[in-house]
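The file start-v7.tsv comes next; it holds TSV, N, CA and C atoms.
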```
chain	number	residue	atom	x	y	z
B	1283	MET	N	-104.42	142.62	-94.06
B	1283	MET	CA	-103.53	141.84	-94.90
B	1283	MET	C	-102.46	141.23	-93.99
B	1284	SER	N	-102.21	139.97	-94.17
B	1284	SER	CA	-101.23	139.30	-93.32
B	1284	SER	C	-99.81	139.69	-93.73
B	1285	GLU	N	-98.88	139.49	-92.81
B	1285	GLU	CA	-97.49	139.82	-93.09
B	1285	GLU	C	-96.90	138.94	-94.19
B	1286	SER	N	-97.50	137.76	-94.41
B	1286	SER	CA	-96.96	136.85	-95.41
B	1286	SER	C	-97.44	137.20	-96.82
B	1287	THR	N	-98.37	138.14	-96.97
B	1287	THR	CA	-98.86	138.52	-98.29
B	1287	THR	C	-97.79	139.28	-99.07
B	1288	ASP	N	-97.55	138.83	-100.29
B	1288	ASP	CA	-96.61	139.51	-101.17
B	1288	ASP	C	-97.38	140.57	-101.94
B	1289	ILE	N	-97.18	141.84	-101.60
B	1289	ILE	CA	-97.92	142.95	-102.18
B	1289	ILE	C	-97.78	142.99	-103.70
B	1290	ARG	N	-96.65	142.52	-104.23
B	1290	ARG	CA	-96.46	142.50	-105.68
B	1290	ARG	C	-97.42	141.55	-106.37
B	1291	ARG	N	-97.97	140.58	-105.62
B	1291	ARG	CA	-98.88	139.60	-106.20
B	1291	ARG	C	-100.34	139.96	-105.94
B	1292	THR	N	-100.62	141.07	-105.28
B	1292	THR	CA	-102.00	141.45	-105.00
B	1292	THR	C	-102.37	142.83	-105.52
B	1293	VAL	N	-101.39	143.63	-105.90
B	1293	VAL	CA	-101.65	144.98	-106.39
B	1293	VAL	C	-101.08	145.11	-107.79
B	1294	GLY	N	-101.94	145.51	-108.73
B	1294	GLY	CA	-101.50	145.75	-110.10
B	1294	GLY	C	-101.24	147.22	-110.32
B	1295	ARG	N	-100.38	147.53	-111.25
B	1295	ARG	CA	-100.04	148.92	-111.60
B	1295	ARG	C	-100.19	149.09	-113.11
B	1296	PRO	N	-100.76	150.23	-113.55
B	1296	PRO	CA	-101.01	150.43	-114.98
B	1296	PRO	C	-99.81	150.21	-115.88
B	1297	ASP	N	-98.61	150.51	-115.41
B	1297	ASP	CA	-97.44	150.33	-116.28
B	1297	ASP	C	-97.08	148.86	-116.49
B	1298	SER	N	-97.76	147.95	-115.77
B	1298	SER	CA	-97.48	146.52	-115.95
B	1298	SER	C	-98.63	145.77	-116.62
B	1299	TYR	N	-99.71	146.46	-116.97
B	1299	TYR	CA	-100.84	145.78	-117.59
B	1299	TYR	C	-100.53	145.39	-119.03
B	1300	PRO	N	-100.70	144.12	-119.38
B	1300	PRO	CA	-100.49	143.72	-120.78
B	1300	PRO	C	-101.62	144.25	-121.66
B	1301	VAL	N	-101.25	144.67	-122.87
B	1301	VAL	CA	-102.21	145.22	-123.83
B	1301	VAL	C	-102.24	144.32	-125.06
B	1302	GLU	N	-103.44	143.93	-125.48
B	1302	GLU	CA	-103.64	143.18	-126.73
B	1302	GLU	C	-104.23	144.14	-127.74
B	1303	GLN	N	-103.49	144.42	-128.81
B	1303	GLN	CA	-104.00	145.28	-129.88
B	1303	GLN	C	-104.75	144.42	-130.89
B	1304	HIS	N	-105.90	144.93	-131.36
B	1304	HIS	CA	-106.71	144.25	-132.36
B	1304	HIS	C	-107.12	145.26	-133.42
B	1305	GLU	N	-107.60	144.80	-134.56
B	1305	GLU	CA	-108.01	145.73	-135.61
B	1305	GLU	C	-109.22	146.56	-135.20
B	1306	TRP	N	-109.96	146.12	-134.21
B	1306	TRP	CA	-111.16	146.82	-133.73
B	1306	TRP	C	-110.89	147.69	-132.50
B	1307	GLY	N	-109.76	147.52	-131.85
B	1307	GLY	CA	-109.46	148.27	-130.62
B	1307	GLY	C	-108.41	147.54	-129.80
B	1308	ARG	N	-108.59	147.51	-128.48
B	1308	ARG	CA	-107.60	146.84	-127.65
B	1308	ARG	C	-108.22	146.33	-126.35
B	1309	LEU	N	-107.55	145.34	-125.77
B	1309	LEU	CA	-107.88	144.80	-124.46
B	1309	LEU	C	-106.70	145.07	-123.53
B	1310	VAL	N	-106.98	145.51	-122.34
B	1310	VAL	CA	-105.96	145.75	-121.33
B	1310	VAL	C	-106.30	144.86	-120.13
B	1311	TRP	N	-105.39	143.95	-119.81
B	1311	TRP	CA	-105.64	142.99	-118.72
B	1311	TRP	C	-105.04	143.52	-117.42
B	1312	MET	N	-105.86	143.56	-116.37
B	1312	MET	CA	-105.44	144.12	-115.09
B	1312	MET	C	-105.30	143.07	-113.99
B	1313	ALA	N	-106.06	141.98	-114.09
B	1313	ALA	CA	-105.97	140.93	-113.07
B	1313	ALA	C	-106.37	139.59	-113.67
B	1314	ASN	N	-105.58	138.59	-113.38
B	1314	ASN	CA	-105.89	137.19	-113.69
B	1314	ASN	C	-104.78	136.34	-113.09
B	1315	ARG	N	-104.87	135.04	-113.28
B	1315	ARG	CA	-103.87	134.15	-112.68
B	1315	ARG	C	-102.47	134.40	-113.24
B	1316	SER	N	-102.36	134.57	-114.56
B	1316	SER	CA	-101.03	134.72	-115.15
B	1316	SER	C	-100.33	136.00	-114.70
B	1317	LEU	N	-101.11	137.02	-114.35
B	1317	LEU	CA	-100.52	138.26	-113.82
B	1317	LEU	C	-100.19	138.15	-112.34
B	1318	GLY	N	-100.71	137.11	-111.70
B	1318	GLY	CA	-100.45	136.92	-110.27
B	1318	GLY	C	-101.31	137.81	-109.39
B	1319	ILE	N	-102.33	138.44	-109.94
B	1319	ILE	CA	-103.14	139.37	-109.16
B	1319	ILE	C	-104.36	138.69	-108.56
B	1320	SER	N	-104.91	137.67	-109.22
B	1320	SER	CA	-106.08	136.97	-108.69
B	1320	SER	C	-106.03	135.50	-109.04
B	1321	GLU	N	-106.45	134.69	-108.12
B	1321	GLU	CA	-106.56	133.25	-108.34
B	1321	GLU	C	-107.98	132.85	-108.69
B	1322	THR	N	-108.92	133.80	-108.73
B	1322	THR	CA	-110.32	133.47	-108.94
B	1322	THR	C	-111.03	134.32	-110.00
B	1323	MET	N	-110.43	135.41	-110.46
B	1323	MET	CA	-111.11	136.32	-111.38
B	1323	MET	C	-110.18	136.81	-112.48
B	1324	THR	N	-110.79	137.31	-113.56
B	1324	THR	CA	-110.09	138.05	-114.60
B	1324	THR	C	-110.79	139.41	-114.71
B	1325	VAL	N	-110.00	140.48	-114.74
B	1325	VAL	CA	-110.55	141.83	-114.88
B	1325	VAL	C	-109.74	142.56	-115.95
B	1326	GLY	N	-110.44	143.28	-116.80
B	1326	GLY	CA	-109.76	144.05	-117.83
B	1326	GLY	C	-110.59	145.23	-118.29
B	1327	ARG	N	-110.03	145.96	-119.22
B	1327	ARG	CA	-110.74	147.05	-119.89
B	1327	ARG	C	-110.70	146.76	-121.37
B	1328	CYS	N	-111.82	147.05	-122.03
B	1328	CYS	CA	-111.93	146.87	-123.47
B	1328	CYS	C	-112.18	148.24	-124.09
B	1329	TYR	N	-111.50	148.52	-125.18
B	1329	TYR	CA	-111.65	149.77	-125.93
B	1329	TYR	C	-112.00	149.40	-127.36
B	1330	ILE	N	-113.15	149.86	-127.84
B	1330	ILE	CA	-113.55	149.59	-129.22
B	1330	ILE	C	-113.63	150.91	-129.97
B	1331	ASP	N	-112.95	150.96	-131.10
B	1331	ASP	CA	-112.90	152.17	-131.91
B	1331	ASP	C	-114.25	152.44	-132.58
B	1332	PRO	N	-114.55	153.71	-132.89
B	1332	PRO	CA	-115.82	154.06	-133.53
B	1332	PRO	C	-116.05	153.25	-134.81
B	1333	GLY	N	-117.28	152.72	-134.95
B	1333	GLY	CA	-117.64	151.96	-136.13
B	1333	GLY	C	-117.12	150.54	-136.17
B	1334	LYS	N	-116.39	150.12	-135.15
B	1334	LYS	CA	-115.78	148.78	-135.11
B	1334	LYS	C	-116.54	147.88	-134.13
B	1335	ALA	N	-116.28	146.57	-134.24
B	1335	ALA	CA	-116.88	145.59	-133.34
B	1335	ALA	C	-115.87	144.48	-133.07
B	1336	ASN	N	-115.92	143.94	-131.87
B	1336	ASN	CA	-115.13	142.74	-131.61
B	1336	ASN	C	-115.90	141.54	-132.16
B	1337	PRO	N	-115.22	140.45	-132.51
B	1337	PRO	CA	-115.91	139.29	-133.08
B	1337	PRO	C	-116.86	138.65	-132.06
B	1338	ARG	N	-117.95	138.05	-132.56
B	1338	ARG	CA	-118.82	137.30	-131.65
B	1338	ARG	C	-118.02	136.14	-131.07
B	1339	HIS	N	-118.23	135.92	-129.78
B	1339	HIS	CA	-117.48	134.90	-129.07
B	1339	HIS	C	-118.25	134.45	-127.84
B	1340	ARG	N	-117.71	133.45	-127.17
B	1340	ARG	CA	-118.29	132.97	-125.91
B	1340	ARG	C	-117.16	132.54	-125.00
B	1341	HIS	N	-117.50	132.45	-123.73
B	1341	HIS	CA	-116.54	132.00	-122.72
B	1341	HIS	C	-117.07	130.69	-122.15
B	1342	ALA	N	-116.38	129.60	-122.44
B	1342	ALA	CA	-116.86	128.27	-122.08
B	1342	ALA	C	-116.72	127.96	-120.60
B	1343	ASN	N	-115.88	128.73	-119.90
B	1343	ASN	CA	-115.62	128.37	-118.50
B	1343	ASN	C	-115.99	129.47	-117.50
B	1344	CYS	N	-116.69	130.52	-117.96
B	1344	CYS	CA	-116.99	131.59	-117.01
B	1344	CYS	C	-118.10	132.51	-117.50
B	1345	ASP	N	-118.73	133.16	-116.53
B	1345	ASP	CA	-119.65	134.26	-116.80
B	1345	ASP	C	-118.83	135.52	-116.99
B	1346	GLU	N	-119.44	136.52	-117.63
B	1346	GLU	CA	-118.80	137.83	-117.81
B	1346	GLU	C	-119.78	138.91	-117.38
B	1347	VAL	N	-119.25	139.94	-116.75
B	1347	VAL	CA	-120.01	141.16	-116.49
B	1347	VAL	C	-119.29	142.28	-117.22
B	1348	LEU	N	-120.06	143.06	-117.99
B	1348	LEU	CA	-119.51	144.15	-118.79
B	1348	LEU	C	-120.16	145.44	-118.32
B	1349	TYR	N	-119.35	146.44	-117.97
B	1349	TYR	CA	-119.83	147.74	-117.48
B	1349	TYR	C	-119.29	148.84	-118.38
B	1350	VAL	N	-120.18	149.59	-119.02
B	1350	VAL	CA	-119.78	150.64	-119.96
B	1350	VAL	C	-119.35	151.89	-119.20
B	1351	LEU	N	-118.11	152.34	-119.47
B	1351	LEU	CA	-117.57	153.56	-118.86
B	1351	LEU	C	-117.83	154.79	-119.73
B	1352	THR	N	-117.53	154.67	-121.04
B	1352	THR	CA	-117.74	155.78	-121.97
B	1352	THR	C	-118.20	155.24	-123.31
B	1353	GLY	N	-118.90	156.08	-124.06
B	1353	GLY	CA	-119.31	155.72	-125.41
B	1353	GLY	C	-120.66	155.04	-125.48
B	1354	SER	N	-121.02	154.65	-126.69
B	1354	SER	CA	-122.29	153.98	-126.97
B	1354	SER	C	-121.99	152.72	-127.77
B	1355	ILE	N	-122.52	151.61	-127.30
B	1355	ILE	CA	-122.33	150.34	-128.01
B	1355	ILE	C	-123.68	149.69	-128.28
B	1356	GLU	N	-123.66	148.81	-129.26
B	1356	GLU	CA	-124.77	147.90	-129.50
B	1356	GLU	C	-124.23	146.53	-129.11
B	1357	HIS	N	-124.89	145.88	-128.18
B	1357	HIS	CA	-124.38	144.61	-127.68
B	1357	HIS	C	-125.29	143.48	-128.12
B	1358	SER	N	-124.69	142.42	-128.65
B	1358	SER	CA	-125.46	141.22	-128.96
B	1358	SER	C	-125.25	140.21	-127.84
B	1359	LEU	N	-126.33	139.55	-127.49
B	1359	LEU	CA	-126.31	138.55	-126.43
B	1359	LEU	C	-127.23	137.42	-126.88
B	1360	GLY	N	-126.64	136.32	-127.32
B	1360	GLY	CA	-127.44	135.26	-127.92
B	1360	GLY	C	-128.08	135.79	-129.20
B	1361	ASP	N	-129.41	135.70	-129.30
B	1361	ASP	CA	-130.14	136.19	-130.47
B	1361	ASP	C	-130.63	137.63	-130.32
B	1362	ASP	N	-130.37	138.25	-129.18
B	1362	ASP	CA	-130.84	139.61	-128.92
B	1362	ASP	C	-129.74	140.64	-129.13
B	1363	THR	N	-130.14	141.85	-129.51
B	1363	THR	CA	-129.22	142.99	-129.65
B	1363	THR	C	-129.88	144.18	-128.98
B	1364	PHE	N	-129.09	144.96	-128.22
B	1364	PHE	CA	-129.65	146.09	-127.49
B	1364	PHE	C	-128.59	147.17	-127.32
B	1365	PRO	N	-129.03	148.44	-127.20
B	1365	PRO	CA	-128.08	149.54	-127.01
B	1365	PRO	C	-127.60	149.62	-125.57
B	1366	MET	N	-126.35	150.08	-125.41
B	1366	MET	CA	-125.80	150.33	-124.08
B	1366	MET	C	-125.00	151.62	-124.13
B	1367	GLN	N	-124.99	152.33	-123.01
B	1367	GLN	CA	-124.20	153.56	-122.91
B	1367	GLN	C	-123.58	153.64	-121.52
B	1368	ALA	N	-122.80	154.69	-121.30
B	1368	ALA	CA	-122.09	154.84	-120.02
B	1368	ALA	C	-123.05	154.62	-118.85
B	1369	GLY	N	-122.62	153.78	-117.91
B	1369	GLY	CA	-123.41	153.46	-116.73
B	1369	GLY	C	-124.20	152.18	-116.84
B	1370	ASP	N	-124.35	151.64	-118.06
B	1370	ASP	CA	-125.10	150.39	-118.25
B	1370	ASP	C	-124.20	149.19	-117.95
B	1371	ILE	N	-124.84	148.11	-117.51
B	1371	ILE	CA	-124.13	146.88	-117.18
B	1371	ILE	C	-124.91	145.70	-117.73
B	1372	VAL	N	-124.21	144.66	-118.15
B	1372	VAL	CA	-124.87	143.44	-118.62
B	1372	VAL	C	-124.12	142.24	-118.04
B	1373	SER	N	-124.88	141.23	-117.68
B	1373	SER	CA	-124.33	139.97	-117.20
B	1373	SER	C	-124.49	138.94	-118.32
B	1374	ILE	N	-123.38	138.32	-118.72
B	1374	ILE	CA	-123.36	137.39	-119.84
B	1374	ILE	C	-123.10	135.98	-119.31
B	1375	PRO	N	-124.09	135.10	-119.39
B	1375	PRO	CA	-123.90	133.76	-118.85
B	1375	PRO	C	-122.85	132.94	-119.61
B	1376	CYS	N	-122.22	132.07	-118.91
B	1376	CYS	CA	-121.22	131.16	-119.46
B	1376	CYS	C	-121.76	130.49	-120.72
B	1377	GLY	N	-120.96	130.49	-121.80
B	1377	GLY	CA	-121.32	129.80	-123.03
B	1377	GLY	C	-122.21	130.58	-123.98
B	1378	THR	N	-122.62	131.81	-123.63
B	1378	THR	CA	-123.52	132.60	-124.48
B	1378	THR	C	-122.72	133.43	-125.48
B	1379	MET	N	-123.07	133.30	-126.77
B	1379	MET	CA	-122.40	134.10	-127.80
B	1379	MET	C	-122.76	135.57	-127.60
B	1380	HIS	N	-121.75	136.45	-127.78
B	1380	HIS	CA	-121.97	137.88	-127.61
B	1380	HIS	C	-120.86	138.68	-128.28
B	1381	ASN	N	-121.11	139.97	-128.44
B	1381	ASN	CA	-120.07	140.90	-128.89
B	1381	ASN	C	-120.60	142.32	-128.74
B	1382	ALA	N	-119.70	143.28	-128.94
B	1382	ALA	CA	-120.06	144.70	-128.84
B	1382	ALA	C	-119.64	145.42	-130.11
B	1383	ARG	N	-120.49	146.34	-130.56
B	1383	ARG	CA	-120.19	147.21	-131.70
B	1383	ARG	C	-120.29	148.64	-131.23
B	1384	ASN	N	-119.26	149.42	-131.52
B	1384	ASN	CA	-119.27	150.84	-131.16
B	1384	ASN	C	-120.12	151.58	-132.18
B	1385	VAL	N	-121.23	152.17	-131.73
B	1385	VAL	CA	-122.14	152.90	-132.62
B	1385	VAL	C	-122.01	154.41	-132.43
B	1386	GLY	N	-121.03	154.84	-131.64
B	1386	GLY	CA	-120.83	156.26	-131.37
B	1386	GLY	C	-119.66	156.84	-132.14
B	1387	ASP	N	-119.35	158.10	-131.82
B	1387	ASP	CA	-118.27	158.84	-132.48
B	1387	ASP	C	-116.97	158.84	-131.68
B	1388	GLU	N	-116.99	158.26	-130.48
B	1388	GLU	CA	-115.79	158.23	-129.65
B	1388	GLU	C	-115.45	156.78	-129.31
B	1389	VAL	N	-114.25	156.56	-128.84
B	1389	VAL	CA	-113.86	155.22	-128.41
B	1389	VAL	C	-114.78	154.80	-127.27
B	1390	ALA	N	-115.33	153.60	-127.37
B	1390	ALA	CA	-116.14	153.04	-126.28
B	1390	ALA	C	-115.21	152.29	-125.33
B	1391	GLU	N	-115.37	152.55	-124.06
B	1391	GLU	CA	-114.52	151.90	-123.05
B	1391	GLU	C	-115.41	151.21	-122.03
B	1392	PHE	N	-115.08	149.97	-121.71
B	1392	PHE	CA	-115.83	149.28	-120.68
B	1392	PHE	C	-114.94	148.34	-119.89
B	1393	VAL	N	-115.36	148.08	-118.66
B	1393	VAL	CA	-114.70	147.13	-117.77
B	1393	VAL	C	-115.33	145.77	-118.01
B	1394	ILE	N	-114.49	144.75	-118.08
B	1394	ILE	CA	-114.96	143.38	-118.24
B	1394	ILE	C	-114.41	142.53	-117.10
B	1395	CYS	N	-115.29	141.75	-116.47
B	1395	CYS	CA	-114.92	140.91	-115.33
B	1395	CYS	C	-115.46	139.50	-115.55
B	1396	TYR	N	-114.66	138.52	-115.17
B	1396	TYR	CA	-115.00	137.12	-115.34
B	1396	TYR	C	-114.79	136.39	-114.03
B	1397	ASN	N	-115.61	135.37	-113.78
B	1397	ASN	CA	-115.48	134.61	-112.54
B	1397	ASN	C	-114.54	133.42	-112.69
B	1398	SER	N	-113.49	133.63	-113.46
B	1398	SER	CA	-112.41	132.65	-113.62
B	1398	SER	C	-111.10	133.41	-113.81
B	1399	ALA	N	-110.05	132.97	-113.17
B	1399	ALA	CA	-108.74	133.58	-113.35
B	1399	ALA	C	-108.07	133.12	-114.63
B	1400	ASP	N	-108.68	132.15	-115.30
B	1400	ASP	CA	-108.16	131.59	-116.55
B	1400	ASP	C	-109.28	131.56	-117.60
B	1401	ARG	N	-109.77	132.73	-117.97
B	1401	ARG	CA	-110.89	132.85	-118.90
B	1401	ARG	C	-110.55	132.21	-120.24
B	1402	GLN	N	-111.51	131.46	-120.78
B	1402	GLN	CA	-111.36	130.84	-122.10
B	1402	GLN	C	-112.32	131.51	-123.07
B	1403	THR	N	-111.84	131.77	-124.30
B	1403	THR	CA	-112.66	132.42	-125.32
B	1403	THR	C	-112.69	131.57	-126.57
B	1404	GLU	N	-113.89	131.39	-127.11
B	1404	GLU	CA	-114.09	130.66	-128.36
B	1404	GLU	C	-114.84	131.57	-129.31
B	1405	GLY	N	-114.35	131.67	-130.57
B	1405	GLY	CA	-115.00	132.51	-131.57
B	1405	GLY	C	-116.12	131.82	-132.28
B	1406	GLU	N	-116.93	132.63	-132.97
B	1406	GLU	CA	-118.04	132.10	-133.75
B	1406	GLU	C	-117.56	131.55	-135.07
```
Whole structure given in structure tokens:
Amino acid sequence: MSESTDIRRTVGRPDSYPVEQHEWGRLVWMANRSLGISETMTVGRCYIDPGKANPRHRHANCDEVLYVLTGSIEHSLGDDTFPMQAGDIVSIPCGTMHNARNVGDEVAEFVICYNSADRQTEGE
């Protein structure tokens, strides 16, 4: 790391992560342009409560990779639906409608990464 690097703009800390509360769970943002952590990516964690689902949506300006940490989800990707559990990963191409439904008894937690620091989301 060069001496000119501002460590505050390259290292995130959990106490500074913004949290979006939703009726289905929450999103915790860890890196993106507005946080000053990345100029090229968005990284976050998604938590979906048991029996809940986030709305179907797409990202018009980026691909998404979703990695399940805990729980069991049913994931829709375009016209397909498939089960996912801890350790599973899916790559979601730009513009593809998708969502996740928690089909387990515990909160499902997964990491979400996008190849844009300014991810755009459009609902169904």
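For Asp1361 (chain B), the residues within 9 Å (counting only C-alpha atoms, excluding itself and residues fewer than 3 positions away along the chain) are Ser1358, Met1379 and His1380 of chain B.
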Hey, can you spit out that residue selection with N, CA and C atoms as an mmCIF file, in the coordinates of the input?
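Result file is result_18.cif:
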```cif
data_model
loop_
_atom_site.group_PDB
_atom_site.id
_atom_site.type_symbol
_atom_site.label_atom_id
_atom_site.label_comp_id
_atom_site.auth_asym_id
_atom_site.auth_seq_id
_atom_site.Cartn_x
_atom_site.Cartn_y
_atom_site.Cartn_z
ATOM 1 N N SER B 1358 -124.690 142.420 -128.650
ATOM 2 C CA SER B 1358 -125.460 141.220 -128.960
ATOM 3 C C SER B 1358 -125.250 140.210 -127.840
ATOM 4 N N MET B 1379 -123.070 133.300 -126.770
ATOM 5 C CA MET B 1379 -122.400 134.100 -127.800
ATOM 6 C C MET B 1379 -122.760 135.570 -127.600
ATOM 7 N N HIS B 1380 -121.750 136.450 -127.780
ATOM 8 C CA HIS B 1380 -121.970 137.880 -127.610
ATOM 9 C C HIS B 1380 -120.860 138.680 -128.280
#
```
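You will find atom N of Tyr1396 (chain B) at 6.4 Å from atom C of Val1325 (chain B).
Atom pair atom N of Pro1337 (chain B) / atom N of Trp1306 (chain B): separated by 7.9 Å.
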Between B:Asn1336, B:Ser1373, B:Asn1343, B:Asn1381, which residue has the minimum interatomic distance to His1357 (chain B), considering only C-alpha atoms?
B:Asn1381
Using the file's own x, y and z axes, so that the box edges lie along x, y and z, what centre and edge lengths in Å (one decimal) does a box around every listed atom of region 1390-1406 of chain B get when 8 Å is added on each side? Give it as lines of an AutoDock Vina configuration file.
```
center_x = -113.1
center_y = 142.1
center_z = -123.8
size_x = 26.0
size_y = 38.9
size_z = 38.5
```
Which residue out of B:Gly1377, B:Gly1326, B:Gly1386, B:Gly1318 has the minimum interatomic distance to Arg1340 (chain B) when only N, CA and C atoms are used?
B:Gly1377
Pick out the closest residue to Glu1391 (chain B) from this set: B:Pro1296, B:Thr1322, B:Gln1367, B:Glu1305. Count only C-alpha atoms.
B:Gln1367
Could you please determine the separation between CA of Asp1331 (chain B) and CA of Val1389 (chain B) in Å, to one decimal place?
4.7 Å
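Polymer residues near (-114.0, 141.9, -114.2): counting only N, CA and C atoms with a cut-off of 7 Å, they are B:Met1323, B:Thr1324, B:Val1325, B:Gly1326, B:Val1347, B:Val1393, B:Ile1394, B:Cys1395, B:Tyr1396, B:Asn1397.
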Take the point (-129.6, 150.3, -129.7) in the file's coordinates, draw a sphere of radius 6 Å around it, and report as a PDB file with N, CA and C atoms, in the frame of the given file every protein, DNA or RNA residue with an atom inside or on it, counting only C-alpha atoms.
```
ATOM      1  N   GLU B1356    -123.660 148.810-129.260  1.00  0.00           N
ATOM      2  CA  GLU B1356    -124.770 147.900-129.500  1.00  0.00           C
ATOM      3  C   GLU B1356    -124.230 146.530-129.110  1.00  0.00           C
ATOM      4  N   PHE B1364    -129.090 144.960-128.220  1.00  0.00           N
ATOM      5  CA  PHE B1364    -129.650 146.090-127.490  1.00  0.00           C
ATOM      6  C   PHE B1364    -128.590 147.170-127.320  1.00  0.00           C
ATOM      7  N   PRO B1365    -129.030 148.440-127.200  1.00  0.00           N
ATOM      8  CA  PRO B1365    -128.080 149.540-127.010  1.00  0.00           C
ATOM      9  C   PRO B1365    -127.600 149.620-125.570  1.00  0.00           C
TER      10      PRO B1365
END
```
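Among the candidates B:Pro1300, B:Ile1374, B:Tyr1329, B:Gln1402, the residue lying nearest to Leu1359 (chain B) is B:Ile1374 (atoms considered: all atoms listed in the file).
Of the listed residues (B:Gly1369, B:Gly1294, B:Gly1307, B:Gly1405), B:Gly1369 comes nearest to Ser1354 (chain B); the distances count only C-alpha atoms.
Considering only C-alpha atoms, the residue among B:Ile1330, B:Trp1311, B:Glu1346, B:Leu1317 positioned nearest to Thr1403 (chain B) is B:Glu1346.
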